[in-house]
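J.: What follows is a structure written as structure tokens; I'll ask about it next.
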Amino acid sequence: MIDHIGIRTADFEAAKAFYDKALAPLGASLLMVVPPEYTDGVKVGGYGRDRPVYWLSEGEPASEPKHVAFTANSRAEVDAFHAAALAAGGKDNGAPGLRPHYHLDYYGAFVIDPDGNNVEAVCHRPEEA
């Protein structure tokens with residue numbers, strides 16, 4: 001239902017460094033940087049697996065932190081996302097684990113990014129045998 005989403009970041013290079021590392025275990029990377037002549041010099045980049053779906057724009061972050069959840073293909077990817085995000089300077093906001101109050105197979109992990117946003121990786125699949 002959602003085609004793409006964007007957030008503003010106070011420090012584009014710091015956010016880029018964080019997301020480069022945090023999203024790599026999910027198979028996502030920076031796929032596009034918009035040429036500055038189209039953005040009035042503002043740094044803008046899009047992350048995704050096969051096309052940009054998560055956009056960072058240099059600027060004043062929203063006054064209220066946002067929550068975004070990225071799909072993981074396995075629970076191991078959720079674990080790897082959490083470890084990579086913490087190693088990249090994220091703050092723990094919920095270790096990897098089941099969240100059965102959402103549904104039986106909801107396996108997620110949460111970190112706070114450099115701008116204070118709650119970033120999650122989630123796998124909805126049953127545990128692999």
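Letters A, B, ... mark the chains of the structure tokens in the order given; residue numbers begin at 1 per chain; ligand numbers begin at 1, in order shown.
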Each residue of range 4-107 of chain A with at least one atom at most 6 Å from range 116-127 of chain A should appear once, together with its nearest atom pair and the corresponding distance in Å (one decimal); atoms considered: only C-alpha atoms; ordering: chain, then increasing residue number; output as a Markdown table.
T.:
```
| residue | atom | partner | partner_atom | distance |
| --- | --- | --- | --- | --- |
| A:Pro65 | CA | A:Asn117 | CA | 4.7 |
| A:Lys66 | CA | A:Asn117 | CA | 4.9 |
| A:His67 | CA | A:Asn118 | CA | 4.7 |
| A:Val68 | CA | A:Val119 | CA | 5.2 |
| A:Ala69 | CA | A:Glu120 | CA | 4.4 |
| A:Phe70 | CA | A:Ala121 | CA | 4.7 |
| A:Thr71 | CA | A:Val122 | CA | 5.3 |
| A:Ala72 | CA | A:Cys123 | CA | 4.9 |
| A:Ser74 | CA | A:Cys123 | CA | 5.7 |
| A:Arg75 | CA | A:Cys123 | CA | 5.9 |
| A:Val78 | CA | A:Ala121 | CA | 5.5 |
| A:Asp105 | CA | A:Pro126 | CA | 5.3 |
| A:Tyr106 | CA | A:His124 | CA | 4.9 |
| A:Tyr107 | CA | A:Cys123 | CA | 5.2 |
```
J.: In range 35-95 of chain A, what's alpha helix (DSSP H) per DSSP? Answer as a count of residues only?
T.: 13
J.: Which residues are near Pro36 in chain A? Cut-off 12 Å, only C-alpha atoms, ignore same chain within fewer than 6 positions. Put them as a ChimeraX atom specification.
T.: /A:42-45,57-58
J.: Quick one, how far is CA of Leu98 in chain A from CA of Asn73 in chain A?
T.: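 Separation between CA of Leu98 in chain A and CA of Asn73 in chain A: 14.9 Å.
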J.: Could you please write out, as a ChimeraX atom specification, every residue of range 26-73 of chain A that DSSP assigns to strand (DSSP E or B)?
T.: /A:29-33,44-48,54-58,67-71
J.: Name the closest residue to Gly59 in chain A among the candidates A:Glu128, A:Asp92, A:Asp11, A:Asp40; distances are taken between atoms, counting only C-alpha atoms.
T.: A:Asp11
J.: For each of A:Pro52, A:Gly90, A:Gly97, A:Gly41, take the minimum atom-to-atom distance to Ala14 in chain A, counting only C-alpha atoms, then give the residue where this is smallest.
T.: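 Smallest separation from Ala14 in chain A among the options: A:Gly90.
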J.: I'd like the contact shell of Gly89 in chain A - 8 Å cut-off, only C-alpha atoms, skipping same-chain residues fewer than 3 positions apart - returned as number ranges by chain.
T.: A: 18, 85-86, 113-114
J.: Nearest to Ile7 in chain A: which of A:Gly94, A:Gly46, A:Gly108, A:Pro100 is it, counting only C-alpha atoms?
T.: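 Comparing A:Gly94, A:Gly46, A:Gly108, A:Pro100 against Ile7 in chain A, the winner is A:Gly46.
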J.: What's the separation between CA of Asp20 in chain A and CA of Asp3 in chain A, in Å to one decimal place?
T.: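 Here the two named atoms are 20.6 Å from each other.
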J.: Which residues are near Lys21 in chain A? Cut-off 8 Å, only C-alpha atoms, ignore same chain within fewer than 4 positions. Put them as a ChimeraX atom specification.
T.: /A:17,25,84-85,88
J.: Taking only C-alpha atoms into account, name the residue in A:Met1, A:Ala109, A:Val53, A:Ala28 that is nearest to Ala76 in chain A.
T.: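 Closest to Ala76 in chain A, using only C-alpha atoms: A:Ala109.
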J.: Near Pro61 in chain A, counting only C-alpha atoms, which residues have an atom at most 6 Å away, once you skip same-chain residues fewer than 6 positions from it, shown as a ChimeraX atom specification?
T.: /A:8-10
J.: Only N, CA and C atoms, please: the residues just picked out, written as a short mmCIF file (atom, residue, chain, number, x, y, z; two decimals), in the first residue's frame.
T.:
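result27.cif written:
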```
data_model
loop_
_atom_site.label_atom_id
_atom_site.label_comp_id
_atom_site.auth_asym_id
_atom_site.auth_seq_id
_atom_site.Cartn_x
_atom_site.Cartn_y
_atom_site.Cartn_z
N ARG A 8 13.42 13.48 7.22
CA ARG A 8 14.50 14.48 7.22
C ARG A 8 15.50 14.13 8.31
N THR A 9 16.76 14.45 8.03
CA THR A 9 17.83 14.17 8.97
C THR A 9 18.69 15.41 9.16
N ALA A 10 19.07 15.67 10.40
CA ALA A 10 19.89 16.83 10.71
C ALA A 10 21.30 16.69 10.13
#
```
J.: Tell me which of A:Tyr47, A:Arg99, A:Gly6, A:Ala22 sits closest to Ala87 in chain A, counting only C-alpha atoms.
T.: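 With only C-alpha atoms as the atom set, the closest residue is A:Ala22.
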